[in-house]
>>> print(open('upload.tsv').read())   # TSV, C-alpha atoms
chain	number	residue	atom	x	y	z
A	1	MET	CA	0.00	0.00	0.00
A	2	ALA	CA	2.86	2.25	0.75
A	3	ASP	CA	4.29	1.45	-2.64
A	4	ALA	CA	1.06	2.57	-4.33
A	5	ASP	CA	1.21	5.92	-2.54
A	6	ASP	CA	4.79	6.36	-3.71
A	7	LEU	CA	3.84	5.65	-7.35
A	8	SER	CA	1.02	8.21	-7.28
A	9	ALA	CA	3.48	10.77	-6.10
A	10	LEU	CA	5.43	10.37	-9.32
A	11	LYS	CA	2.57	11.88	-11.52
A	12	ILE	CA	3.36	15.08	-13.50
A	13	GLU	CA	0.93	17.87	-12.95
A	14	ARG	CA	0.07	19.44	-16.44
A	15	GLU	CA	-0.93	23.10	-16.77
A	16	PRO	CA	-4.42	23.68	-18.14
A	17	LEU	CA	-4.61	24.61	-21.91
A	18	ASN	CA	-5.15	28.28	-22.78
A	19	THR	CA	-8.13	27.95	-25.15
A	20	GLY	CA	-9.25	31.58	-25.17
A	21	GLY	CA	-6.25	33.75	-26.09
A	22	GLY	CA	-4.72	31.60	-28.90
A	23	ARG	CA	-7.99	31.18	-30.74
A	24	TRP	CA	-8.55	34.96	-30.74
A	25	VAL	CA	-5.14	35.56	-32.38
A	26	LYS	CA	-5.92	33.09	-35.18
A	27	TRP	CA	-9.19	34.86	-35.99
A	28	VAL	CA	-7.40	38.19	-36.13
A	29	PHE	CA	-4.88	36.91	-38.69
A	30	LEU	CA	-7.65	35.32	-40.79
A	31	LEU	CA	-9.67	38.54	-40.86
A	32	LEU	CA	-6.60	40.55	-41.86
A	33	PHE	CA	-5.83	38.14	-44.71
A	34	LEU	CA	-9.42	38.25	-46.02
A	35	GLY	CA	-9.45	42.02	-45.79
A	36	CYS	CA	-6.24	42.39	-47.78
A	37	ALA	CA	-7.45	39.96	-50.41
A	38	GLY	CA	-10.76	41.77	-50.75
A	39	PHE	CA	-9.06	45.15	-51.03
A	40	TRP	CA	-6.72	43.83	-53.73
A	41	ALA	CA	-9.64	42.32	-55.67
A	42	PHE	CA	-11.65	45.53	-55.39
A	43	THR	CA	-8.68	47.59	-56.59
A	44	TRP	CA	-8.02	45.21	-59.51
A	45	PHE	CA	-11.57	45.10	-60.84
A	46	THR	CA	-12.36	48.78	-60.29
A	47	ARG	CA	-9.12	50.24	-61.60
A	48	GLU	CA	-9.13	52.22	-64.86
A	49	ARG	CA	-7.67	50.11	-67.63
A	50	PRO	CA	-5.81	51.85	-70.47
A	51	ILE	CA	-7.92	52.17	-73.62
A	52	GLU	CA	-6.31	52.37	-77.07
A	53	VAL	CA	-7.06	55.58	-78.92
A	54	ALA	CA	-5.90	56.93	-82.27
A	55	SER	CA	-6.20	60.05	-84.38
A	56	VAL	CA	-8.62	60.12	-87.30
A	57	SER	CA	-6.79	59.92	-90.63
A	58	GLU	CA	-7.70	61.38	-93.99
A	59	ARG	CA	-7.32	60.06	-97.52
A	60	ALA	CA	-5.84	62.65	-99.85
A	61	ALA	CA	-8.08	64.25	-102.43
A	62	GLY	CA	-8.20	62.39	-105.72
A	63	THR	CA	-7.02	59.09	-104.17
A	64	SER	CA	-9.15	56.00	-104.69
A	65	ALA	CA	-10.27	53.85	-101.79
A	66	SER	CA	-8.74	50.43	-101.29
A	67	VAL	CA	-10.97	47.35	-101.21
A	68	LEU	CA	-8.33	44.69	-100.56
A	69	THR	CA	-4.65	44.31	-99.77
A	70	GLY	CA	-2.34	41.41	-100.44
A	71	LYS	CA	1.22	40.20	-100.81
A	72	GLY	CA	2.83	38.79	-103.92
A	73	TYR	CA	6.01	38.52	-105.92
A	74	VAL	CA	7.41	40.07	-109.06
A	75	THR	CA	7.61	37.49	-111.83
A	76	ALA	CA	8.77	37.52	-115.44
A	77	ARG	CA	6.32	36.40	-118.09
A	78	ARG	CA	9.22	35.56	-120.43
A	79	ARG	CA	11.88	33.58	-118.61
A	80	ALA	CA	13.95	30.74	-120.04
A	81	THR	CA	16.80	28.51	-118.97
A	82	VAL	CA	18.76	28.26	-122.21
A	83	SER	CA	20.13	24.81	-123.00
A	84	SER	CA	21.49	22.90	-125.99
A	85	LYS	CA	19.57	20.59	-128.30
A	86	VAL	CA	22.39	18.05	-128.27
A	87	THR	CA	24.65	16.54	-125.65
A	88	GLY	CA	28.21	17.79	-125.75
A	89	LYS	CA	31.16	19.31	-123.92
A	90	VAL	CA	31.23	23.05	-123.35
A	91	ILE	CA	34.28	24.74	-124.83
A	92	GLU	CA	33.19	28.38	-124.58
A	93	VAL	CA	30.80	30.42	-122.38
A	94	ASN	CA	30.19	34.06	-123.27
A	95	VAL	CA	27.68	35.11	-120.62
A	96	GLU	CA	27.93	36.38	-117.04
A	97	GLU	CA	25.36	37.15	-114.34
A	98	GLY	CA	23.67	40.50	-114.87
A	99	MET	CA	24.80	40.79	-118.49
A	100	ALA	CA	22.38	42.24	-121.03
A	101	VAL	CA	21.99	39.96	-124.03
A	102	ARG	CA	20.25	40.46	-127.36
A	103	LYS	CA	18.28	37.99	-129.39
A	104	GLY	CA	20.55	35.65	-131.38
A	105	GLN	CA	23.68	36.46	-129.37
A	106	VAL	CA	26.06	33.50	-128.91
A	107	LEU	CA	25.99	32.43	-125.28
A	108	ALA	CA	28.13	29.28	-125.48
A	109	ARG	CA	29.69	26.77	-127.86
A	110	LEU	CA	30.02	23.00	-127.64
A	111	ASP	CA	32.77	20.78	-129.01
A	112	ASP	CA	31.88	20.01	-132.67
A	113	SER	CA	35.09	18.30	-133.85
A	114	THR	CA	33.38	14.93	-134.39
A	115	LEU	CA	30.51	16.54	-136.25
A	116	GLN	CA	32.92	18.48	-138.45
A	117	ALA	CA	34.73	15.27	-139.37
A	118	ALA	CA	31.46	13.59	-140.32
A	119	LEU	CA	30.53	16.64	-142.37
A	120	GLY	CA	33.77	16.32	-144.33
A	121	LEU	CA	32.96	12.66	-145.06
A	122	TYR	CA	29.49	13.53	-146.37
A	123	ARG	CA	30.90	16.24	-148.58
A	124	ALA	CA	33.42	13.79	-150.07
A	125	GLN	CA	30.61	11.31	-150.75
A	126	LEU	CA	28.67	14.08	-152.46
A	127	GLU	CA	31.59	14.90	-154.74
A	128	ALA	CA	32.03	11.23	-155.62
A	129	ALA	CA	28.34	10.92	-156.49
A	130	LYS	CA	28.45	14.05	-158.64
A	131	ARG	CA	31.47	12.77	-160.62
A	132	GLN	CA	29.68	9.59	-161.58
A	133	ILE	CA	27.02	11.52	-163.46
A	134	PRO	CA	29.19	13.04	-166.28
A	135	GLU	CA	30.77	9.64	-167.03
A	136	SER	CA	27.37	8.02	-167.31
A	137	GLU	CA	26.10	10.85	-169.49
A	138	VAL	CA	29.02	10.34	-171.96
A	139	ARG	CA	28.33	6.62	-172.16
A	140	LEU	CA	24.63	7.34	-172.63
A	141	GLU	CA	25.37	9.59	-175.59
A	142	GLN	CA	27.53	6.87	-177.11
A	143	ALA	CA	24.81	4.26	-176.54
A	144	ARG	CA	22.22	6.43	-178.31
A	145	VAL	CA	24.52	6.83	-181.34
A	146	GLN	CA	24.98	3.04	-181.40
A	147	LEU	CA	21.21	2.58	-181.27
A	148	GLN	CA	20.72	4.88	-184.27
A	149	ARG	CA	23.36	2.96	-186.21
A	150	GLN	CA	21.66	-0.38	-185.49
A	151	GLU	CA	18.32	1.04	-186.62
A	152	ARG	CA	19.83	2.09	-190.02
A	153	LEU	CA	21.44	-1.29	-190.45
A	154	ARG	CA	18.09	-2.92	-189.70
A	155	LYS	CA	16.49	-0.99	-192.53
A	156	GLU	CA	19.15	-2.32	-194.88
A	157	GLY	CA	18.71	-5.82	-193.47
A	158	LEU	CA	22.27	-6.05	-192.29
A	159	ASN	CA	21.51	-6.98	-188.64
A	160	THR	CA	18.96	-8.78	-186.52
A	161	PRO	CA	16.23	-7.48	-184.17
A	162	ASN	CA	18.32	-8.76	-181.28
A	163	ASP	CA	21.02	-6.21	-182.08
A	164	ILE	CA	18.49	-3.37	-181.82
A	165	ASP	CA	17.13	-4.74	-178.52
A	166	ASN	CA	20.62	-4.86	-177.06
A	167	ALA	CA	21.29	-1.25	-178.09
A	168	LYS	CA	17.99	-0.07	-176.52
A	169	ALA	CA	18.74	-1.95	-173.31
A	170	GLU	CA	22.11	-0.25	-173.05
A	171	VAL	CA	20.50	3.18	-173.44
A	172	ASP	CA	17.84	2.44	-170.82
A	173	SER	CA	20.43	1.08	-168.40
A	174	LEU	CA	22.53	4.21	-168.62
A	175	VAL	CA	19.48	6.45	-168.17
A	176	ALA	CA	18.58	4.55	-164.98
A	177	ARG	CA	22.16	4.70	-163.76
A	178	ILE	CA	22.23	8.50	-164.21
A	179	ALA	CA	18.92	8.86	-162.35
A	180	SER	CA	20.29	6.71	-159.51
A	181	ALA	CA	23.42	8.85	-159.32
A	182	GLN	CA	21.32	11.99	-159.18
A	183	GLU	CA	19.32	10.56	-156.25
A	184	THR	CA	22.59	9.66	-154.55
A	185	VAL	CA	23.65	13.28	-154.90
A	186	LYS	CA	20.37	14.43	-153.27
A	187	VAL	CA	20.86	12.02	-150.38
A	188	ALA	CA	24.41	13.26	-149.86
A	189	GLU	CA	23.19	16.86	-149.89
A	190	SER	CA	20.53	16.01	-147.31
A	191	GLN	CA	23.13	14.36	-145.10
A	192	ILE	CA	25.29	17.46	-145.34
A	193	ALA	CA	22.35	19.72	-144.44
A	194	MET	CA	21.46	17.51	-141.47
A	195	GLN	CA	25.05	17.46	-140.28
A	196	GLN	CA	25.29	21.21	-140.67
A	197	THR	CA	22.16	21.57	-138.52
A	198	ALA	CA	23.77	19.40	-135.86
A	199	ILE	CA	26.85	21.62	-135.96
A	200	ASP	CA	24.68	24.73	-135.68
A	201	ASP	CA	23.04	23.19	-132.60
A	202	THR	CA	26.40	23.25	-130.85
A	203	VAL	CA	26.22	27.05	-130.92
A	204	ILE	CA	23.80	28.15	-128.16
A	205	ARG	CA	22.13	31.51	-128.81
A	206	ALA	CA	19.83	33.76	-126.79
A	207	PRO	CA	16.17	33.14	-127.74
A	208	PHE	CA	15.18	36.73	-126.88
A	209	SER	CA	16.68	39.93	-125.56
A	210	GLY	CA	16.93	40.27	-121.80
A	211	ILE	CA	19.15	40.00	-118.73
A	212	ALA	CA	21.15	36.92	-117.75
A	213	LEU	CA	20.28	35.94	-114.18
A	214	SER	CA	22.65	33.01	-113.83
A	215	LYS	CA	25.63	31.27	-115.39
A	216	ASP	CA	25.00	27.55	-114.99
A	217	ALA	CA	27.89	25.93	-116.89
A	218	GLN	CA	31.62	26.32	-117.28
A	219	PRO	CA	34.01	25.30	-120.09
A	220	GLY	CA	34.87	21.61	-119.85
A	221	GLU	CA	31.51	20.53	-118.42
A	222	MET	CA	29.01	18.34	-120.23
A	223	VAL	CA	25.56	19.70	-121.06
A	224	SER	CA	22.52	17.85	-122.24
A	225	PRO	CA	18.88	18.71	-122.99
A	226	VAL	CA	17.89	16.05	-120.43
A	227	SER	CA	19.31	15.20	-117.03
A	228	ALA	CA	21.86	12.38	-117.25
A	229	GLY	CA	25.11	11.18	-115.80
A	230	GLY	CA	23.99	11.04	-112.18
A	231	GLY	CA	23.81	14.80	-111.79
A	232	PHE	CA	27.22	15.58	-113.30
A	233	THR	CA	25.71	16.68	-116.61
A	234	ARG	CA	24.38	20.23	-116.80
A	235	THR	CA	20.97	20.85	-118.35
A	236	GLY	CA	21.34	24.58	-118.92
A	237	ILE	CA	23.83	27.30	-119.80
A	238	SER	CA	22.12	30.40	-118.45
A	239	THR	CA	18.74	31.71	-117.29
A	240	ILE	CA	17.53	34.77	-119.18
A	241	VAL	CA	14.68	37.08	-118.22
A	242	ASP	CA	12.89	39.58	-120.43
A	243	MET	CA	12.70	42.59	-118.10
A	244	SER	CA	9.93	44.15	-120.17
A	245	SER	CA	7.63	41.25	-119.24
A	246	LEU	CA	7.73	41.78	-115.47
A	247	GLU	CA	4.41	41.54	-113.64
A	248	ILE	CA	3.05	40.67	-110.18
A	249	GLU	CA	1.43	37.42	-109.11
A	250	VAL	CA	-0.77	37.53	-106.00
A	251	ASP	CA	-2.68	34.69	-104.34
A	252	VAL	CA	-6.00	36.16	-103.21
A	253	ASN	CA	-8.16	34.31	-100.71
A	254	GLU	CA	-11.18	32.96	-102.57
A	255	SER	CA	-13.46	34.58	-99.98
A	256	TYR	CA	-12.42	38.03	-101.26
A	257	ILE	CA	-11.94	37.33	-104.96
A	258	ASN	CA	-15.27	39.03	-105.69
A	259	ARG	CA	-13.52	42.33	-104.91
A	260	VAL	CA	-11.06	41.88	-107.78
A	261	SER	CA	-11.76	42.31	-111.50
A	262	ALA	CA	-9.77	42.70	-114.71
A	263	GLY	CA	-8.61	46.26	-115.35
A	264	GLN	CA	-8.98	47.26	-111.69
A	265	PRO	CA	-6.42	49.87	-110.56
A	266	VAL	CA	-3.77	48.70	-108.12
A	267	THR	CA	-1.04	50.38	-106.10
A	268	ALA	CA	2.11	48.27	-105.64
A	269	VAL	CA	4.86	48.88	-103.08
A	270	LEU	CA	8.11	46.89	-103.18
A	271	ASP	CA	9.31	45.52	-99.85
A	272	ALA	CA	12.78	46.82	-100.70
A	273	TYR	CA	11.49	50.39	-101.30
A	274	PRO	CA	8.60	51.08	-98.88
A	275	GLY	CA	8.13	54.66	-100.06
A	276	PHE	CA	8.05	53.81	-103.77
A	277	GLU	CA	4.45	53.46	-104.94
A	278	ILE	CA	4.01	51.96	-108.40
A	279	PRO	CA	0.75	52.35	-110.35
A	280	ALA	CA	-0.51	49.08	-111.78
A	281	SER	CA	-3.69	47.32	-112.88
A	282	VAL	CA	-5.14	43.83	-112.85
A	283	ILE	CA	-4.29	41.91	-116.03
A	284	ALA	CA	-6.43	38.86	-115.36
A	285	VAL	CA	-7.96	36.73	-112.65
A	286	VAL	CA	-6.89	33.16	-113.43
A	287	PRO	CA	-10.17	31.19	-113.63
A	288	THR	CA	-9.21	28.40	-111.24
A	289	ALA	CA	-8.65	28.03	-107.50
A	290	ASP	CA	-6.00	26.22	-105.52
A	291	ARG	CA	-7.93	23.73	-103.40
A	292	GLN	CA	-4.99	23.29	-101.03
A	293	LYS	CA	-4.58	26.99	-100.19
A	294	ALA	CA	-8.13	28.16	-101.06
A	295	THR	CA	-6.69	31.00	-103.15
A	296	VAL	CA	-7.07	32.35	-106.67
A	297	LEU	CA	-4.10	33.62	-108.68
A	298	VAL	CA	-4.31	37.25	-109.85
A	299	ARG	CA	-1.93	38.71	-112.45
A	300	ILE	CA	-1.08	42.40	-112.11
A	301	GLY	CA	0.78	44.47	-114.71
A	302	PHE	CA	2.91	47.55	-114.09
A	303	LYS	CA	1.81	50.69	-115.88
A	304	LYS	CA	5.42	51.86	-116.02
A	305	LEU	CA	8.54	49.79	-115.41
A	306	ASP	CA	11.43	50.97	-113.27
A	307	PRO	CA	15.02	49.69	-112.98
A	308	ARG	CA	14.41	49.09	-109.26
A	309	ILE	CA	11.84	46.40	-110.05
A	310	LEU	CA	13.59	43.03	-110.11
A	311	PRO	CA	12.31	39.47	-110.56
A	312	ASP	CA	11.23	37.55	-107.42
A	313	MET	CA	11.02	40.71	-105.30
A	314	GLY	CA	8.37	40.75	-102.60
A	315	VAL	CA	5.64	43.34	-103.17
A	316	GLY	CA	2.58	44.53	-101.32
A	317	VAL	CA	-0.46	45.42	-103.43
A	318	THR	CA	-3.57	47.46	-102.68
A	319	PHE	CA	-6.60	46.88	-104.89
A	320	LEU	CA	-8.39	50.19	-105.37
A	321	ARG	CA	-12.10	50.78	-105.72
A	322	GLU	CA	-13.30	51.96	-109.11
A	323	ALA	CA	-15.49	54.93	-108.14
A	324	ASP	CA	-18.19	56.39	-110.38
A	325	ALA	CA	-17.92	59.81	-111.98
A	326	SER	CA	-19.76	61.75	-109.27
A	327	ALA	CA	-17.79	60.08	-106.48
A	328	ALA	CA	-14.57	60.68	-108.37
A	329	SER	CA	-15.32	64.39	-108.74
A	330	GLN	CA	-16.20	64.64	-105.05
A	331	SER	CA	-13.03	62.78	-104.09
A	332	ALA	CA	-11.00	65.10	-106.28
A	333	ALA	CA	-12.54	68.15	-104.55
A	334	GLN	CA	-12.00	67.15	-100.91
A	335	SER	CA	-10.25	64.62	-98.72
A	336	VAL	CA	-12.07	61.71	-97.08
A	337	THR	CA	-12.03	60.97	-93.34
A	338	LEU	CA	-11.17	57.38	-92.41
A	339	VAL	CA	-11.55	55.48	-89.11
A	340	PRO	CA	-10.86	51.83	-88.18
A	341	GLN	CA	-13.85	49.55	-88.62
A	342	GLY	CA	-13.68	48.43	-84.97
A	343	ALA	CA	-14.22	52.01	-83.76
A	344	VAL	CA	-17.68	52.29	-85.35
A	345	LYS	CA	-20.61	51.05	-83.26
A	346	THR	CA	-24.35	50.86	-83.94
A	347	ASP	CA	-27.11	51.22	-81.34
A	348	SER	CA	-30.83	51.39	-82.20
A	349	GLY	CA	-30.06	52.31	-85.79
A	350	THR	CA	-27.62	55.06	-84.80
A	351	THR	CA	-24.00	54.80	-85.89
A	352	PHE	CA	-21.54	56.41	-83.51
A	353	VAL	CA	-17.96	56.49	-82.25
A	354	PHE	CA	-16.45	57.46	-78.90
A	355	LEU	CA	-14.62	60.76	-79.27
A	356	VAL	CA	-11.88	61.43	-76.74
A	357	ASN	CA	-12.34	64.80	-75.04
A	358	GLY	CA	-9.56	65.30	-72.52
A	359	GLN	CA	-9.82	62.49	-69.94
A	360	THR	CA	-13.41	61.59	-70.83
A	361	VAL	CA	-15.16	60.21	-73.88
A	362	GLU	CA	-18.04	61.64	-75.84
A	363	ARG	CA	-20.50	59.65	-77.91
A	364	ARG	CA	-20.47	61.19	-81.42
A	365	ALA	CA	-22.97	60.19	-84.11
A	366	VAL	CA	-21.38	59.75	-87.54
A	367	LYS	CA	-22.47	59.09	-91.12
A	368	ILE	CA	-20.40	56.41	-92.81
A	369	GLY	CA	-19.78	55.63	-96.46
A	370	GLY	CA	-17.83	52.86	-98.14
A	371	THR	CA	-14.84	50.91	-96.94
A	372	ASP	CA	-11.16	51.52	-97.57
A	373	GLY	CA	-9.41	48.26	-96.72
A	374	ASP	CA	-9.84	47.76	-92.96
A	375	ARG	CA	-11.08	51.34	-92.52
A	376	VAL	CA	-14.47	53.02	-92.97
A	377	GLU	CA	-15.16	56.31	-94.72
A	378	VAL	CA	-16.85	58.88	-92.44
A	379	LEU	CA	-18.91	61.36	-94.44
A	380	ALA	CA	-20.02	63.51	-91.48
A	381	GLY	CA	-19.38	63.81	-87.73
A	382	LEU	CA	-15.59	63.75	-87.60
A	383	LYS	CA	-12.64	65.63	-88.98
A	384	GLY	CA	-8.99	64.84	-89.41
A	385	GLY	CA	-7.03	64.94	-86.17
A	386	ASP	CA	-9.90	63.93	-83.87
A	387	ARG	CA	-8.98	61.24	-81.35
A	388	ILE	CA	-11.33	58.28	-81.04
A	389	VAL	CA	-11.40	54.99	-79.17
A	390	ILE	CA	-10.29	52.22	-81.55
A	391	ALA	CA	-11.94	49.22	-79.87
A	392	PRO	CA	-14.36	50.49	-77.18
A	393	PRO	CA	-15.24	47.96	-74.47
A	394	ALA	CA	-18.88	46.99	-73.95
A	395	ASP	CA	-19.22	48.95	-70.70
A	396	LEU	CA	-17.81	52.22	-72.08
A	397	ALA	CA	-20.32	55.07	-71.85
A	398	ALA	CA	-20.35	58.78	-72.61
A	399	GLY	CA	-18.71	60.93	-69.92
A	400	LYS	CA	-16.66	58.10	-68.47
A	401	GLN	CA	-13.06	58.84	-67.65
A	402	ILE	CA	-10.44	56.78	-69.44
A	403	VAL	CA	-6.71	56.30	-69.42
A	404	ALA	CA	-5.52	56.52	-73.02
A	405	LYS	CA	-2.64	54.41	-74.23
>>> encode(input="upload.tsv", output="structure tokens")
Amino acid sequence: MADADDLSALKIEREPLNTGGGRWVKWVFLLLFLGCAGFWAFTWFTRERPIEVASVSERAAGTSASVLTGKGYVTARRRATVSSKVTGKVIEVNVEEGMAVRKGQVLARLDDSTLQAALGLYRAQLEAAKRQIPESEVRLEQARVQLQRQERLRKEGLNTPNDIDNAKAEVDSLVARIASAQETVKVAESQIAMQQTAIDDTVIRAPFSGIALSKDAQPGEMVSPVSAGGGFTRTGISTIVDMSSLEIEVDVNESYINRVSAGQPVTAVLDAYPGFEIPASVIAVVPTADRQKATVLVRIGFKKLDPRILPDMGVGVTFLREADASAASQSAAQSVTLVPQGAVKTDSGTTFVFLVNGQTVERRAVKIGGTDGDRVEVLAGLKGGDRIVIAPPADLAAGKQIVAK
């Protein structure tokens, strides 16, 4: 029993838990966190967001409106990679990159030694055939005299019919031999002409006047009208472009092809010369679509060529609207105000924009006309230099303060 009392004396007395003060501190921290989060959210959603504004632009008087823009490349209607008609080894190249060439100019020559030797053989055969004819003609004359003699003897009864037949056969044989020799002469002449043509084919000439863009072969290389030799045989001597045939090719999305027509005026700007506007017009709309790209090819011709225009240059084009006579006279008299399409809104049949007036916006009713690319013509309500909201948010209202960016 005494041992039990001793064991109970070994118990550790624990202090009671403080349940009131610690719980109060936790609630204070939680309320502070929620308050900060709420204040941050209120500040974020009620703050004034910057709104994009821009000045109203004007199209110069006498300038046509654009209906479509696109990108294309300068191409040459007449472009050829000049090659030979026969396979042979190049012995001479007379063209360099950038060189101006004229029609018929010799660009290169191929080795024709074998062809020249064959030509000499054909000419010798021709001479041999021609020399056989005079000999046969002499013998024919002698045979005819012999035939006349046999006919006189027959009248006197001094020979037999067989003698006359033999004389006639000799004459006919010589006539046939002469005709055969004459045909042999014609064949030899044809062979010479054919061989001469083959020799002429070893001289490669420019098919038209233009500019040489490349030099594709060097002396000592083999050229052929077809690819052969595992890639070691050249198929061309030089690429020539007729600079007077330059035009623009543009792939227009088929959704907008109804805005393009033949003869339509176009303004072209080369990527290399952004400030150089070139007047042009649509030559033709190719009557087929590319099913892979959903585009239609449009050919555009320059109204005036310039030395700065080079093949394969990138070019931006603007298709202009063909205005009627009254609109053209009005356009010539005054400039036209233009605003982005996204800035124009409609409410209950009223077309309006938000005009920036200091730090606030004003709702301004406008009268719009046609389109000019991605812009809209404003006939009344605005003037050049006015600042408007480009893409007004749905909750923007008149008199509301904004922060312009």
>>> closest_residue(input="upload.tsv", among="A:Val339, A:Ile91, A:Ala391, A:Val67", to="Val260 in chain A", atoms="all atoms listed in the file")
A:Val67
>>> atom_distance(input="upload.tsv", atom1="CA of Leu320 in chain A", atom2="CA of Tyr256 in chain A")
13.5 Å
>>> atom_distance(input="upload.tsv", atom1="CA of Val90 in chain A", atom2="CA of Asp111 in chain A")
6.3 Å
>>> residues_around(input="upload.tsv", residues="range 168-179 of chain A", least_positions_apart="6", cutoff="10 Å", atoms="only C-alpha atoms", output="ChimeraX atom specification")
/A:132-148,150,162,185
>>> atom_distance(input="upload.tsv", atom1="CA of Glu96 in chain A", atom2="CA of Arg78 in chain A")
19.0 Å
>>> axis_aligned_box(input="upload.tsv", around="range 125-136 of chain A", padding_each_side="4 Å", output="JSON")
{"center_x": 29.5, "center_y": 11.5, "center_z": -159.0, "size_x": 13.0, "size_y": 14.9, "size_z": 24.6}
>>> closest_residue(input="upload.tsv", among="A:Ile204, A:Leu115, A:Ala280, A:Ile388", to="Val95 in chain A", atoms="all atoms listed in the file")
A:Ile204
>>> residues_around(input="upload.tsv", residues="Gln341 in chain A", least_positions_apart="3", cutoff="6 Å", atoms="all atoms listed in the file", output="compact mmCIF listing (two decimals) with C-alpha atoms, keeping the file's coordinate frame")
# COMPACT_ATOMS: atom_id res chain seq x y z
CA VAL A 344 -17.68 52.29 -85.35
CA ARG A 375 -11.08 51.34 -92.52
CA VAL A 376 -14.47 53.02 -92.97
>>> closest_residue(input="upload.tsv", among="A:Ser244, A:Thr351, A:Ser190, A:Thr202", to="Ala380 in chain A", atoms="only C-alpha atoms")
A:Thr351
>>> closest_residue(input="upload.tsv", among="A:Val223, A:Leu107, A:Ile164, A:Met194", to="Pro207 in chain A", atoms="only C-alpha atoms")
A:Leu107
>>> residues_near_point(input="upload.tsv", point="(14.5, 43.9, -109.2)", cutoff="10 Å", atoms="only C-alpha atoms", output="list in words")
Val74, Thr75, Met243, Leu246, Leu270, Ala272, Asp306, Pro307, Arg308, Ile309, Leu310, Pro311, Asp312, Met313 and Gly314 of chain A
>>> write_last_selection(input="upload.tsv", atoms="C-alpha atoms", output="PDB file, in the coordinates of the input")
ATOM      1  CA  VAL A  74       7.410  40.070-109.060  1.00  0.00           C
ATOM      2  CA  THR A  75       7.610  37.490-111.830  1.00  0.00           C
ATOM      3  CA  MET A 243      12.700  42.590-118.100  1.00  0.00           C
ATOM      4  CA  LEU A 246       7.730  41.780-115.470  1.00  0.00           C
ATOM      5  CA  LEU A 270       8.110  46.890-103.180  1.00  0.00           C
ATOM      6  CA  ALA A 272      12.780  46.820-100.700  1.00  0.00           C
ATOM      7  CA  ASP A 306      11.430  50.970-113.270  1.00  0.00           C
ATOM      8  CA  PRO A 307      15.020  49.690-112.980  1.00  0.00           C
ATOM      9  CA  ARG A 308      14.410  49.090-109.260  1.00  0.00           C
ATOM     10  CA  ILE A 309      11.840  46.400-110.050  1.00  0.00           C
ATOM     11  CA  LEU A 310      13.590  43.030-110.110  1.00  0.00           C
ATOM     12  CA  PRO A 311      12.310  39.470-110.560  1.00  0.00           C
ATOM     13  CA  ASP A 312      11.230  37.550-107.420  1.00  0.00           C
ATOM     14  CA  MET A 313      11.020  40.710-105.300  1.00  0.00           C
ATOM     15  CA  GLY A 314       8.370  40.750-102.600  1.00  0.00           C
TER      16      GLY A 314
END
>>> closest_residue(input="upload.tsv", among="A:Ala343, A:Arg363, A:Asp200, A:Pro219", to="Ile51 in chain A", atoms="all atoms listed in the file")
A:Ala343
>>> closest_residue(input="upload.tsv", among="A:Gly104, A:Gly210, A:Pro274, A:Gly70", to="Ile257 in chain A", atoms="only C-alpha atoms")
A:Gly70
